[in-house]
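For reference, input_10.cif (mmCIF, C-alpha atoms and all ligand atoms):
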data_coords
loop_
_atom_site.group_PDB
_atom_site.id
_atom_site.type_symbol
_atom_site.label_atom_id
_atom_site.label_comp_id
_atom_site.auth_asym_id
_atom_site.auth_seq_id
_atom_site.Cartn_x
_atom_site.Cartn_y
_atom_site.Cartn_z
ATOM 1 C CA MET A 889 -116.638 -16.476 -3.664
ATOM 2 C CA GLN A 890 -118.398 -16.441 -7.035
ATOM 3 C CA GLU A 891 -121.302 -18.370 -5.527
ATOM 4 C CA ILE A 892 -121.590 -15.909 -2.663
ATOM 5 C CA LEU A 893 -121.624 -12.941 -5.057
ATOM 6 C CA ASP A 894 -124.126 -14.581 -7.408
ATOM 7 C CA GLU A 895 -126.410 -15.225 -4.469
ATOM 8 C CA ILE A 896 -126.085 -11.621 -3.276
ATOM 9 C CA VAL A 897 -127.070 -10.389 -6.751
ATOM 10 C CA ALA A 898 -129.993 -12.835 -6.944
ATOM 11 C CA THR A 899 -131.365 -11.870 -3.516
ATOM 12 C CA ILE A 900 -130.324 -8.405 -2.307
ATOM 13 C CA GLY A 901 -129.768 -7.170 -5.865
ATOM 14 C CA GLN A 902 -133.436 -7.905 -6.648
ATOM 15 C CA SER A 903 -134.900 -6.225 -3.567
ATOM 16 C CA ASP A 904 -137.916 -3.938 -4.028
ATOM 17 C CA ASP A 905 -136.862 -1.703 -1.158
ATOM 18 C CA ARG A 906 -133.999 0.088 -2.883
ATOM 19 C CA GLY A 907 -133.887 3.528 -1.220
ATOM 20 C CA GLN A 908 -133.950 6.843 -3.091
ATOM 21 C CA VAL A 909 -131.479 8.070 -5.690
ATOM 22 C CA ALA A 910 -129.741 11.357 -4.800
ATOM 23 C CA ASN A 911 -132.144 14.050 -5.911
ATOM 24 C CA TYR A 912 -130.135 17.202 -5.158
ATOM 25 C CA ILE A 913 -127.819 16.633 -8.128
ATOM 26 C CA PRO A 914 -130.118 16.557 -11.194
ATOM 27 C CA GLN A 915 -127.798 14.328 -13.202
ATOM 28 C CA LEU A 916 -127.844 11.694 -10.441
ATOM 29 C CA ALA A 917 -131.595 12.014 -9.910
ATOM 30 C CA CYS A 918 -132.229 10.476 -13.333
ATOM 31 C CA ILE A 919 -130.185 7.282 -12.768
ATOM 32 C CA ASP A 920 -132.166 4.008 -12.930
ATOM 33 C CA PRO A 921 -132.300 2.689 -9.336
ATOM 34 C CA ASN A 922 -132.763 -0.887 -10.546
ATOM 35 C CA GLN A 923 -129.058 -1.490 -10.969
ATOM 36 C CA PHE A 924 -126.684 -3.468 -8.805
ATOM 37 C CA ALA A 925 -123.056 -4.551 -9.025
ATOM 38 C CA ILE A 926 -120.344 -6.018 -6.827
ATOM 39 C CA SER A 927 -116.642 -6.715 -7.403
ATOM 40 C CA VAL A 928 -114.153 -8.327 -5.071
ATOM 41 C CA ALA A 929 -110.417 -7.955 -5.752
ATOM 42 C CA MET A 930 -108.558 -10.396 -3.528
ATOM 43 C CA ALA A 931 -105.081 -9.860 -2.086
ATOM 44 C CA ASP A 932 -103.922 -12.971 -3.973
ATOM 45 C CA GLY A 933 -104.842 -11.439 -7.320
ATOM 46 C CA ARG A 934 -108.113 -13.260 -7.962
ATOM 47 C CA VAL A 935 -111.050 -11.045 -8.923
ATOM 48 C CA PHE A 936 -114.739 -11.864 -8.744
ATOM 49 C CA HIS A 937 -117.633 -9.868 -10.162
ATOM 50 C CA ALA A 938 -121.395 -10.132 -10.257
ATOM 51 C CA GLY A 939 -124.170 -7.913 -11.588
ATOM 52 C CA LEU A 940 -123.415 -4.820 -13.662
ATOM 53 C CA SER A 941 -119.786 -4.664 -12.598
ATOM 54 C CA ASP A 942 -118.629 -2.991 -15.808
ATOM 55 C CA THR A 943 -121.276 -0.255 -15.745
ATOM 56 C CA LEU A 944 -119.828 3.183 -14.958
ATOM 57 C CA PHE A 945 -121.283 5.270 -12.136
ATOM 58 C CA SER A 946 -120.405 8.544 -10.439
ATOM 59 C CA ILE A 947 -118.003 7.751 -7.587
ATOM 60 C CA GLN A 948 -118.816 11.032 -5.796
ATOM 61 C CA SER A 949 -117.477 11.037 -2.232
ATOM 62 C CA ILE A 950 -115.472 7.860 -2.751
ATOM 63 C CA SER A 951 -113.074 10.186 -4.596
ATOM 64 C CA LYS A 952 -112.325 11.781 -1.209
ATOM 65 C CA MET A 953 -110.265 8.735 -0.269
ATOM 66 C CA PHE A 954 -108.092 9.342 -3.353
ATOM 67 C CA THR A 955 -107.681 13.075 -2.730
ATOM 68 C CA LEU A 956 -106.843 12.485 0.936
ATOM 69 C CA THR A 957 -104.147 10.013 -0.135
ATOM 70 C CA ILE A 958 -102.693 12.566 -2.565
ATOM 71 C CA ALA A 959 -102.824 15.301 0.091
ATOM 72 C CA LEU A 960 -100.970 13.122 2.602
ATOM 73 C CA GLY A 961 -98.335 12.456 -0.047
ATOM 74 C CA LYS A 962 -97.875 16.144 -0.749
ATOM 75 C CA LEU A 963 -98.282 17.683 2.712
ATOM 76 C CA GLY A 964 -97.615 14.826 5.106
ATOM 77 C CA ASP A 965 -98.891 15.485 8.608
ATOM 78 C CA ALA A 966 -99.545 19.144 7.739
ATOM 79 C CA VAL A 967 -102.852 17.820 6.335
ATOM 80 C CA TRP A 968 -104.074 17.721 9.935
ATOM 81 C CA ASN A 969 -103.688 21.485 10.208
ATOM 82 C CA LYS A 970 -106.327 21.762 7.471
ATOM 83 C CA VAL A 971 -108.801 19.115 8.631
ATOM 84 C CA GLY A 972 -109.379 17.078 11.762
ATOM 85 C CA ARG A 973 -109.754 13.340 12.047
ATOM 86 C CA GLU A 974 -112.814 12.884 14.212
ATOM 87 C CA PRO A 975 -116.212 11.625 13.111
ATOM 88 C CA SER A 976 -118.688 14.460 12.759
ATOM 89 C CA GLY A 977 -121.968 12.772 13.629
ATOM 90 C CA ASP A 978 -123.538 15.295 11.259
ATOM 91 C CA PRO A 979 -124.772 15.035 7.670
ATOM 92 C CA PHE A 980 -122.088 15.177 4.963
ATOM 93 C CA ASN A 981 -123.036 18.687 3.889
ATOM 94 C CA SER A 982 -123.576 20.175 7.355
ATOM 95 C CA ILE A 983 -122.262 23.629 8.174
ATOM 96 C CA VAL A 984 -122.989 23.804 11.945
ATOM 97 C CA GLN A 985 -119.723 22.410 13.321
ATOM 98 C CA LEU A 986 -117.667 24.714 11.105
ATOM 99 C CA GLU A 987 -118.685 27.781 13.033
ATOM 100 C CA HIS A 988 -117.997 26.247 16.443
ATOM 101 C CA GLU A 989 -114.621 24.967 15.290
ATOM 102 C CA ASN A 990 -113.383 28.122 13.564
ATOM 103 C CA GLY A 991 -113.761 26.925 10.009
ATOM 104 C CA LYS A 992 -111.701 23.753 10.394
ATOM 105 C CA PRO A 993 -113.653 20.724 9.134
ATOM 106 C CA ARG A 994 -113.910 17.723 11.442
ATOM 107 C CA ASN A 995 -112.495 15.236 8.932
ATOM 108 C CA PRO A 996 -111.435 14.953 5.264
ATOM 109 C CA PHE A 997 -114.558 13.043 4.170
ATOM 110 C CA ILE A 998 -117.400 15.447 4.993
ATOM 111 C CA ASN A 999 -117.923 17.912 2.144
ATOM 112 C CA ALA A 1000 -116.215 20.810 3.954
ATOM 113 C CA GLY A 1001 -113.200 18.622 4.698
ATOM 114 C CA ALA A 1002 -112.903 17.403 1.127
ATOM 115 C CA ILE A 1003 -113.162 20.966 -0.178
ATOM 116 C CA ALA A 1004 -110.310 21.939 2.181
ATOM 117 C CA ILE A 1005 -108.307 18.956 0.894
ATOM 118 C CA ALA A 1006 -108.932 19.994 -2.735
ATOM 119 C CA ASP A 1007 -107.575 23.420 -1.825
ATOM 120 C CA ALA A 1008 -104.557 21.841 -0.112
ATOM 121 C CA ILE A 1009 -103.521 19.743 -3.094
ATOM 122 C CA MET A 1010 -103.858 22.577 -5.629
ATOM 123 C CA MET A 1011 -100.637 24.200 -4.372
ATOM 124 C CA GLY A 1012 -100.868 27.179 -6.673
ATOM 125 C CA HIS A 1013 -101.929 25.158 -9.713
ATOM 126 C CA GLN A 1014 -104.961 25.546 -11.915
ATOM 127 C CA PRO A 1015 -107.970 23.243 -11.421
ATOM 128 C CA LYS A 1016 -107.178 21.496 -14.732
ATOM 129 C CA GLU A 1017 -103.678 20.562 -13.569
ATOM 130 C CA THR A 1018 -104.906 19.359 -10.190
ATOM 131 C CA LEU A 1019 -107.629 17.290 -11.823
ATOM 132 C CA ALA A 1020 -105.123 15.737 -14.187
ATOM 133 C CA GLU A 1021 -103.061 14.740 -11.154
ATOM 134 C CA ILE A 1022 -106.062 13.205 -9.369
ATOM 135 C CA LEU A 1023 -107.161 11.364 -12.501
ATOM 136 C CA ASN A 1024 -103.654 10.081 -13.133
ATOM 137 C CA PHE A 1025 -103.469 8.720 -9.607
ATOM 138 C CA VAL A 1026 -106.804 6.924 -9.928
ATOM 139 C CA ARG A 1027 -105.806 5.530 -13.347
ATOM 140 C CA PHE A 1028 -102.487 4.348 -11.908
ATOM 141 C CA LEU A 1029 -104.228 2.559 -9.021
ATOM 142 C CA ALA A 1030 -106.865 0.946 -11.224
ATOM 143 C CA GLU A 1031 -104.356 0.294 -14.022
ATOM 144 C CA ASP A 1032 -106.877 1.689 -16.441
ATOM 145 C CA ASP A 1033 -106.255 4.836 -18.476
ATOM 146 C CA SER A 1034 -109.844 4.974 -19.704
ATOM 147 C CA ILE A 1035 -111.098 6.367 -16.370
ATOM 148 C CA SER A 1036 -112.492 9.874 -16.880
ATOM 149 C CA ILE A 1037 -114.572 12.644 -15.412
ATOM 150 C CA ASP A 1038 -118.248 12.816 -16.382
ATOM 151 C CA GLU A 1039 -118.496 16.475 -17.366
ATOM 152 C CA THR A 1040 -122.322 16.440 -17.381
ATOM 153 C CA VAL A 1041 -122.368 15.387 -13.725
ATOM 154 C CA ALA A 1042 -119.742 18.019 -12.856
ATOM 155 C CA GLN A 1043 -121.799 20.764 -14.529
ATOM 156 C CA SER A 1044 -124.911 19.512 -12.777
ATOM 157 C CA GLU A 1045 -123.150 19.745 -9.399
ATOM 158 C CA LEU A 1046 -121.795 23.169 -10.233
ATOM 159 C CA LYS A 1047 -125.277 24.488 -11.021
ATOM 160 C CA THR A 1048 -126.846 23.169 -7.825
ATOM 161 C CA GLY A 1049 -123.824 23.485 -5.547
ATOM 162 C CA ASP A 1050 -124.948 26.401 -3.383
ATOM 163 C CA ARG A 1051 -124.452 24.439 -0.170
ATOM 164 C CA ASN A 1052 -120.897 23.469 -1.082
ATOM 165 C CA ALA A 1053 -120.185 27.043 -2.176
ATOM 166 C CA SER A 1054 -121.424 28.199 1.237
ATOM 167 C CA LEU A 1055 -119.103 25.771 3.004
ATOM 168 C CA ALA A 1056 -116.150 26.939 0.905
ATOM 169 C CA HIS A 1057 -116.825 30.646 1.421
ATOM 170 C CA PHE A 1058 -117.388 30.105 5.131
ATOM 171 C CA MET A 1059 -113.995 28.377 5.441
ATOM 172 C CA ALA A 1060 -112.423 31.122 3.330
ATOM 173 C CA SER A 1061 -113.755 33.693 5.812
ATOM 174 C CA PHE A 1062 -111.565 32.001 8.453
ATOM 175 C CA GLY A 1063 -108.568 32.152 6.112
ATOM 176 C CA HIS A 1064 -108.587 28.395 5.531
ATOM 177 C CA ILE A 1065 -108.801 28.479 1.725
ATOM 178 C CA ASN A 1066 -105.712 29.528 -0.230
ATOM 179 C CA HIS A 1067 -107.037 29.542 -3.799
ATOM 180 C CA PRO A 1068 -109.969 31.339 -5.437
ATOM 181 C CA VAL A 1069 -113.101 29.658 -4.095
ATOM 182 C CA ASP A 1070 -114.509 29.003 -7.577
ATOM 183 C CA HIS A 1071 -111.281 27.183 -8.539
ATOM 184 C CA VAL A 1072 -111.438 25.022 -5.424
ATOM 185 C CA LEU A 1073 -115.110 24.213 -5.999
ATOM 186 C CA GLY A 1074 -114.465 23.435 -9.668
ATOM 187 C CA THR A 1075 -111.753 20.982 -8.620
ATOM 188 C CA TYR A 1076 -113.961 19.424 -5.945
ATOM 189 C CA PHE A 1077 -117.038 19.009 -8.167
ATOM 190 C CA HIS A 1078 -114.981 17.485 -10.952
ATOM 191 C CA HIS A 1079 -113.192 14.933 -8.795
ATOM 192 C CA CYS A 1080 -116.561 13.888 -7.346
ATOM 193 C CA SER A 1081 -117.714 13.369 -10.945
ATOM 194 C CA ILE A 1082 -115.113 10.741 -11.825
ATOM 195 C CA ALA A 1083 -116.943 7.791 -13.380
ATOM 196 C CA MET A 1084 -115.796 4.265 -12.570
ATOM 197 C CA ASN A 1085 -117.222 0.773 -12.505
ATOM 198 C CA CYS A 1086 -117.004 -1.706 -9.632
ATOM 199 C CA GLN A 1087 -114.186 -3.652 -11.267
ATOM 200 C CA GLN A 1088 -112.002 -0.548 -11.540
ATOM 201 C CA LEU A 1089 -112.887 0.675 -8.068
ATOM 202 C CA ALA A 1090 -112.135 -2.627 -6.339
ATOM 203 C CA LYS A 1091 -108.756 -2.717 -8.070
ATOM 204 C CA ALA A 1092 -108.037 0.892 -7.083
ATOM 205 C CA GLY A 1093 -108.619 0.060 -3.401
ATOM 206 C CA LEU A 1094 -106.226 -2.897 -3.270
ATOM 207 C CA PHE A 1095 -103.320 -0.885 -1.872
ATOM 208 C CA LEU A 1096 -105.303 -0.397 1.342
ATOM 209 C CA VAL A 1097 -105.681 -4.186 1.696
ATOM 210 C CA ALA A 1098 -101.974 -4.893 1.872
ATOM 211 C CA ASP A 1099 -100.303 -2.224 4.008
ATOM 212 C CA GLY A 1100 -100.023 0.370 1.279
ATOM 213 C CA MET A 1101 -98.675 -1.834 -1.495
ATOM 214 C CA ASP A 1102 -100.759 -3.226 -4.344
ATOM 215 C CA PRO A 1103 -100.374 -6.948 -3.556
ATOM 216 C CA VAL A 1104 -100.720 -7.934 -7.203
ATOM 217 C CA SER A 1105 -98.558 -5.431 -9.062
ATOM 218 C CA LYS A 1106 -96.277 -4.976 -6.015
ATOM 219 C CA LYS A 1107 -96.413 -1.214 -6.522
ATOM 220 C CA ARG A 1108 -95.976 0.657 -3.251
ATOM 221 C CA VAL A 1109 -98.519 3.447 -3.056
ATOM 222 C CA VAL A 1110 -98.204 4.639 0.557
ATOM 223 C CA SER A 1111 -96.352 3.509 3.675
ATOM 224 C CA SER A 1112 -97.974 0.863 5.853
ATOM 225 C CA GLN A 1113 -98.586 3.410 8.597
ATOM 226 C CA ARG A 1114 -100.383 5.678 6.144
ATOM 227 C CA ALA A 1115 -102.542 2.844 4.825
ATOM 228 C CA ARG A 1116 -103.547 1.991 8.396
ATOM 229 C CA ARG A 1117 -104.474 5.585 9.068
ATOM 230 C CA ILE A 1118 -106.523 5.978 5.875
ATOM 231 C CA ASN A 1119 -108.392 2.798 6.793
ATOM 232 C CA SER A 1120 -109.052 4.068 10.298
ATOM 233 C CA LEU A 1121 -110.492 7.296 8.904
ATOM 234 C CA MET A 1122 -112.698 5.340 6.521
ATOM 235 C CA LEU A 1123 -113.948 3.232 9.422
ATOM 236 C CA MET A 1124 -114.745 6.213 11.647
ATOM 237 C CA CYS A 1125 -115.852 8.817 9.092
ATOM 238 C CA GLY A 1126 -116.401 7.117 5.695
ATOM 239 C CA HIS A 1127 -120.190 6.973 6.016
ATOM 240 C CA TYR A 1128 -120.791 10.350 7.708
ATOM 241 C CA ASP A 1129 -123.467 10.151 10.390
ATOM 242 C CA GLY A 1130 -124.025 6.559 9.293
ATOM 243 C CA SER A 1131 -120.443 5.517 10.117
ATOM 244 C CA GLY A 1132 -121.392 3.916 13.424
ATOM 245 C CA GLU A 1133 -124.178 1.928 11.793
ATOM 246 C CA PHE A 1134 -121.850 0.770 9.002
ATOM 247 C CA ALA A 1135 -119.189 -0.343 11.506
ATOM 248 C CA PHE A 1136 -121.872 -2.124 13.511
ATOM 249 C CA ARG A 1137 -123.375 -3.957 10.544
ATOM 250 C CA VAL A 1138 -120.353 -4.475 8.266
ATOM 251 C CA GLY A 1139 -117.252 -3.883 10.382
ATOM 252 C CA LEU A 1140 -114.946 -2.765 7.586
ATOM 253 C CA PRO A 1141 -113.319 0.542 6.656
ATOM 254 C CA GLY A 1142 -115.505 1.923 3.873
ATOM 255 C CA LYS A 1143 -116.153 5.045 1.838
ATOM 256 C CA SER A 1144 -119.547 5.763 0.333
ATOM 257 C CA GLY A 1145 -120.712 8.182 -2.335
ATOM 258 C CA VAL A 1146 -124.116 9.598 -3.234
ATOM 259 C CA GLY A 1147 -123.800 7.931 -6.637
ATOM 260 C CA GLY A 1148 -124.593 4.734 -4.702
ATOM 261 C CA GLY A 1149 -121.116 3.254 -4.634
ATOM 262 C CA ILE A 1150 -119.216 1.956 -1.605
ATOM 263 C CA LEU A 1151 -115.569 0.935 -1.472
ATOM 264 C CA ALA A 1152 -114.862 -1.351 1.488
ATOM 265 C CA ILE A 1153 -111.510 -2.707 2.591
ATOM 266 C CA ALA A 1154 -111.042 -6.060 4.302
ATOM 267 C CA PRO A 1155 -107.409 -5.720 5.452
ATOM 268 C CA GLY A 1156 -105.255 -8.612 4.314
ATOM 269 C CA LYS A 1157 -108.187 -10.090 2.410
ATOM 270 C CA ALA A 1158 -109.837 -8.041 -0.310
ATOM 271 C CA SER A 1159 -110.974 -4.735 -1.710
ATOM 272 C CA ILE A 1160 -114.712 -4.706 -2.392
ATOM 273 C CA ALA A 1161 -116.735 -2.305 -4.539
ATOM 274 C CA VAL A 1162 -120.530 -2.351 -4.533
ATOM 275 C CA TRP A 1163 -122.962 -0.140 -6.370
ATOM 276 C CA SER A 1164 -126.671 0.386 -6.194
ATOM 277 C CA PRO A 1165 -127.930 3.950 -6.755
ATOM 278 C CA GLY A 1166 -130.701 4.032 -4.125
ATOM 279 C CA LEU A 1167 -129.609 5.645 -0.862
ATOM 280 C CA ASP A 1168 -130.736 5.351 2.762
ATOM 281 C CA GLU A 1169 -131.760 8.353 4.880
ATOM 282 C CA VAL A 1170 -128.182 9.513 5.501
ATOM 283 C CA GLY A 1171 -127.039 9.171 1.869
ATOM 284 C CA ASN A 1172 -125.326 5.772 1.799
ATOM 285 C CA SER A 1173 -126.230 3.031 -0.693
ATOM 286 C CA LYS A 1174 -129.047 1.015 0.812
ATOM 287 C CA LEU A 1175 -128.548 -2.274 -1.015
ATOM 288 C CA GLY A 1176 -124.790 -1.751 -1.156
ATOM 289 C CA THR A 1177 -124.666 -1.782 2.646
ATOM 290 C CA GLN A 1178 -126.897 -4.857 2.807
ATOM 291 C CA ALA A 1179 -124.675 -6.626 0.281
ATOM 292 C CA LEU A 1180 -121.538 -5.896 2.303
ATOM 293 C CA GLU A 1181 -123.252 -7.024 5.472
ATOM 294 C CA LYS A 1182 -124.111 -10.315 3.801
ATOM 295 C CA LEU A 1183 -120.641 -10.742 2.309
ATOM 296 C CA VAL A 1184 -118.997 -10.210 5.682
ATOM 297 C CA GLN A 1185 -121.348 -12.712 7.337
ATOM 298 C CA GLN A 1186 -120.420 -15.301 4.735
ATOM 299 C CA THR A 1187 -116.674 -14.673 4.764
ATOM 300 C CA GLY A 1188 -115.980 -13.651 8.363
ATOM 301 C CA TRP A 1189 -114.067 -10.646 7.029
ATOM 302 C CA SER A 1190 -115.195 -8.100 9.650
ATOM 303 C CA ILE A 1191 -112.142 -6.553 11.298
ATOM 304 C CA PHE A 1192 -113.850 -7.360 14.602
ATOM 305 C CA GLY A 1193 -113.759 -11.107 13.965
ATOM 306 C CA HIS A 1194 -116.299 -13.762 13.015
HETATM 307 O O1 LIG B 1 -120.692 17.567 -2.781
HETATM 308 C C1 LIG B 1 -121.574 16.711 -2.829
HETATM 309 O O2 LIG B 1 -122.623 16.839 -2.226
HETATM 310 C C2 LIG B 1 -121.306 15.494 -3.664
HETATM 311 N N1 LIG B 1 -120.432 15.833 -4.754
HETATM 312 C C3 LIG B 1 -120.685 14.403 -2.880
HETATM 313 C C4 LIG B 1 -121.474 14.002 -1.661
HETATM 314 C C5 LIG B 1 -121.380 12.558 -1.340
HETATM 315 O O3 LIG B 1 -121.086 11.711 -2.144
HETATM 316 C C6 LIG B 1 -121.800 12.179 0.024
HETATM 317 N N2 LIG B 1 -121.900 10.747 0.097
HETATM 318 N N3 LIG B 1 -122.522 9.946 0.619
#

I'd like the structure from this file rewritten - as structure tokens, please.
Amino acid sequence: MQEILDEIVATIGQSDDRGQVANYIPQLACIDPNQFAISVAMADGRVFHAGLSDTLFSIQSISKMFTLTIALGKLGDAVWNKVGREPSGDPFNSIVQLEHENGKPRNPFINAGAIAIADAIMMGHQPKETLAEILNFVRFLAEDDSISIDETVAQSELKTGDRNASLAHFMASFGHINHPVDHVLGTYFHHCSIAMNCQQLAKAGLFLVADGMDPVSKKRVVSSQRARRINSLMLMCGHYDGSGEFAFRVGLPGKSGVGGGILAIAPGKASIAVWSPGLDEVGNSKLGTQALEKLVQQTGWSIFGH
């Protein structure tokens, strides 16, 4: 495994064709695109890293997997009254479907869906309390209390978040938002601004590798049925309108973020975090996807077989 990762870093990690860093969030626009990291946390407890695997980056939409998991814990199947579970086929920040579907987002991973999930988990609490809960959950999964929110990124999102504010107000007009919109947006922007490195992220995904239980610490996080369902949502919706392409090329449940990170789950095998800030046309890490494609070719880990 170490050889495979070293080779990925030496080849794909050095590519000149790195995509574009997210430019609509000023604080992400100034990240050096010439960075690359990969971590693999295996079900048997071994961990492998290559590249800048201890460099922190903004996890952005990868946080939506954590908030969905919390929401399912708090609301159970009532989550599906708030959001659907179908791929959208539209960009992550699209507003068009919302009008046709009466303000109910297609799935929990597009921005509208994640904003609705943030609202759902607040349950009458202040943004600060909700954020503490989200952060505690991520720290618990990664077994690392140093994980924090990058306040500069959160402020940067807040300042340029007109599109997300539009989505939130539009949903509120259908009666789908129960808390003040600015509180919901504050919660959403801050959880997107959690900073993690690949080592922490791979560890935090391990519960989805082994039917809802961290195979190393033996901590049960969710039921096996719930883990299966979260993985299925990541497979179908985790890369927005690039989800089909990701399933075709990589064949693993995965969640991307505009910070350039991807968390991919090889059920029964490993949790994999990759990071490279340059994005493809639909907002998914360009080299990160290539790295996962290569890793799956070498390991035969695609859920669709060798
Ligand atoms: O709301 C946004 O636009 C960002 N905080 C998150 C978007 C994102 O990561 C989409 N990912 N590919």

Kindly compile the residues surrounding ligand LIG 1 (chain B) within 6 Å, counting all atoms listed in the file, and format them as a list in words.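 Listing the residues within 6 Å of ligand LIG 1 (chain B) gives Gln948, Ser949, Phe980, Asn999, Phe1077, Cys1080, Ser1144, Gly1145, Val1146, Gly1171 and Asn1172 of chain A.
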
query: If you measure from CA of Glu1169 in chain A to CA of Arg994 in chain A, what distance in Å do you get, rounded to one decimal?
result: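 It comes out at 21.2 Å.
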
### Query
How would you write, as a PyMOL selection string, the residues chosen by the PyMOL selection byres (((chain A and resi 1098) around 9) and not hetatm) on this structure?
chain A and resi 931+1094-1097+1099-1103+1112+1115+1155-1158

Return as a Markdown table the residues of range 1080-1154 of chain A lying at most 10 Å from range 959-974 of chain A, together with the closest atom-to-atom pair for each and the distance in Å to one decimal, counting only C-alpha atoms, with rows in chain order and ascending residue number.
| residue | atom | partner | partner_atom | distance |
| --- | --- | --- | --- | --- |
| A:Val1109 | CA | A:Gly961 | CA | 9.5 |
| A:Val1110 | CA | A:Gly961 | CA | 7.8 |
| A:Ser1111 | CA | A:Gly961 | CA | 9.9 |
| A:Arg1114 | CA | A:Leu960 | CA | 8.3 |
| A:Arg1117 | CA | A:Arg973 | CA | 9.8 |
| A:Ile1118 | CA | A:Leu960 | CA | 9.6 |
| A:Ser1120 | CA | A:Arg973 | CA | 9.5 |
| A:Leu1121 | CA | A:Arg973 | CA | 6.9 |
| A:Met1124 | CA | A:Glu974 | CA | 7.4 |
| A:Cys1125 | CA | A:Glu974 | CA | 7.2 |

Worksheet entry | Test item: residues at most 9 Å from Cys918 in chain A, only C-alpha atoms, excluding those fewer than 6 positions along its chain, as a list in words | Val909, Ala910 and Asn911 of chain A

Q: To verify the selection step, state as a ChimeraX atom specification which residues the PyMOL selection byres (((chain A and resi 1081) around 12) and not hetatm) yields on this input.
A: /A:913,915-916,944-952,1019,1022-1023,1035-1046,1074-1080,1082-1084,1145-1147

For the selection just defined, write its residues with C-alpha atoms to a file, as a short mmCIF file (atom, residue, chain, number, x, y, z; two decimals), in the frame of the given file.
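Below is the file that was written, result-v3.cif:
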data_model
loop_
_atom_site.label_atom_id
_atom_site.label_comp_id
_atom_site.auth_asym_id
_atom_site.auth_seq_id
_atom_site.Cartn_x
_atom_site.Cartn_y
_atom_site.Cartn_z
CA ILE A 913 -127.82 16.63 -8.13
CA GLN A 915 -127.80 14.33 -13.20
CA LEU A 916 -127.84 11.69 -10.44
CA LEU A 944 -119.83 3.18 -14.96
CA PHE A 945 -121.28 5.27 -12.14
CA SER A 946 -120.40 8.54 -10.44
CA ILE A 947 -118.00 7.75 -7.59
CA GLN A 948 -118.82 11.03 -5.80
CA SER A 949 -117.48 11.04 -2.23
CA ILE A 950 -115.47 7.86 -2.75
CA SER A 951 -113.07 10.19 -4.60
CA LYS A 952 -112.32 11.78 -1.21
CA LEU A 1019 -107.63 17.29 -11.82
CA ILE A 1022 -106.06 13.20 -9.37
CA LEU A 1023 -107.16 11.36 -12.50
CA ILE A 1035 -111.10 6.37 -16.37
CA SER A 1036 -112.49 9.87 -16.88
CA ILE A 1037 -114.57 12.64 -15.41
CA ASP A 1038 -118.25 12.82 -16.38
CA GLU A 1039 -118.50 16.48 -17.37
CA THR A 1040 -122.32 16.44 -17.38
CA VAL A 1041 -122.37 15.39 -13.72
CA ALA A 1042 -119.74 18.02 -12.86
CA GLN A 1043 -121.80 20.76 -14.53
CA SER A 1044 -124.91 19.51 -12.78
CA GLU A 1045 -123.15 19.74 -9.40
CA LEU A 1046 -121.80 23.17 -10.23
CA GLY A 1074 -114.46 23.44 -9.67
CA THR A 1075 -111.75 20.98 -8.62
CA TYR A 1076 -113.96 19.42 -5.94
CA PHE A 1077 -117.04 19.01 -8.17
CA HIS A 1078 -114.98 17.48 -10.95
CA HIS A 1079 -113.19 14.93 -8.80
CA CYS A 1080 -116.56 13.89 -7.35
CA ILE A 1082 -115.11 10.74 -11.82
CA ALA A 1083 -116.94 7.79 -13.38
CA MET A 1084 -115.80 4.26 -12.57
CA GLY A 1145 -120.71 8.18 -2.34
CA VAL A 1146 -124.12 9.60 -3.23
CA GLY A 1147 -123.80 7.93 -6.64
#

**Message:** Here's the selection I'm unsure about, the PyMOL selection byres (((chain A and resi 1176-1184) around 7) and not hetatm); applied to the file above, which residues does it give, as number ranges by chain?
**Reply:** A: 896, 900, 1137-1138, 1150, 1162-1164, 1173-1175, 1185-1190

Write out the residues from the selection above, keeping C-alpha atoms, as a short mmCIF file (atom, residue, chain, number, x, y, z; two decimals), keeping the file's coordinate frame.
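File again05.cif, as written:
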data_model
loop_
_atom_site.label_atom_id
_atom_site.label_comp_id
_atom_site.auth_asym_id
_atom_site.auth_seq_id
_atom_site.Cartn_x
_atom_site.Cartn_y
_atom_site.Cartn_z
CA ILE A 896 -126.08 -11.62 -3.28
CA ILE A 900 -130.32 -8.40 -2.31
CA ARG A 1137 -123.38 -3.96 10.54
CA VAL A 1138 -120.35 -4.47 8.27
CA ILE A 1150 -119.22 1.96 -1.60
CA VAL A 1162 -120.53 -2.35 -4.53
CA TRP A 1163 -122.96 -0.14 -6.37
CA SER A 1164 -126.67 0.39 -6.19
CA SER A 1173 -126.23 3.03 -0.69
CA LYS A 1174 -129.05 1.01 0.81
CA LEU A 1175 -128.55 -2.27 -1.01
CA GLN A 1185 -121.35 -12.71 7.34
CA GLN A 1186 -120.42 -15.30 4.74
CA THR A 1187 -116.67 -14.67 4.76
CA GLY A 1188 -115.98 -13.65 8.36
CA TRP A 1189 -114.07 -10.65 7.03
CA SER A 1190 -115.20 -8.10 9.65
#

Q) What is the distance between CA of Glu1021 in chain A and CA of His1057 in chain A, in Å to one decimal? A)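 Calculated distance between CA of Glu1021 in chain A and CA of His1057 in chain A is 24.5 Å.
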
**Asked** From the list A:Gln1014, A:Lys1091, A:Pro921, A:Ser1131, which residue is nearest Gln902 in chain A when using only C-alpha atoms?
**Response**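 Closest residue, counting only C-alpha atoms: A:Pro921.
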
Open item on the list: So, with all atoms listed in the file as the atoms that count, which of A:Ile983, A:Ala929, A:Met953, A:Ile919 lies closest to Phe1058 in chain A?
Closed with: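 Nearest candidate to Phe1058 in chain A out of A:Ile983, A:Ala929, A:Met953, A:Ile919: A:Ile983.
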
>> Need the shell around Ala1053 in chain A: protein/DNA/RNA residues with any atom at most 8 Å away, counting only C-alpha atoms. Skip same-chain ones fewer than 4 positions apart. Format as a list in words?
In response: Gly1049, His1057, Val1069 and Leu1073 of chain A
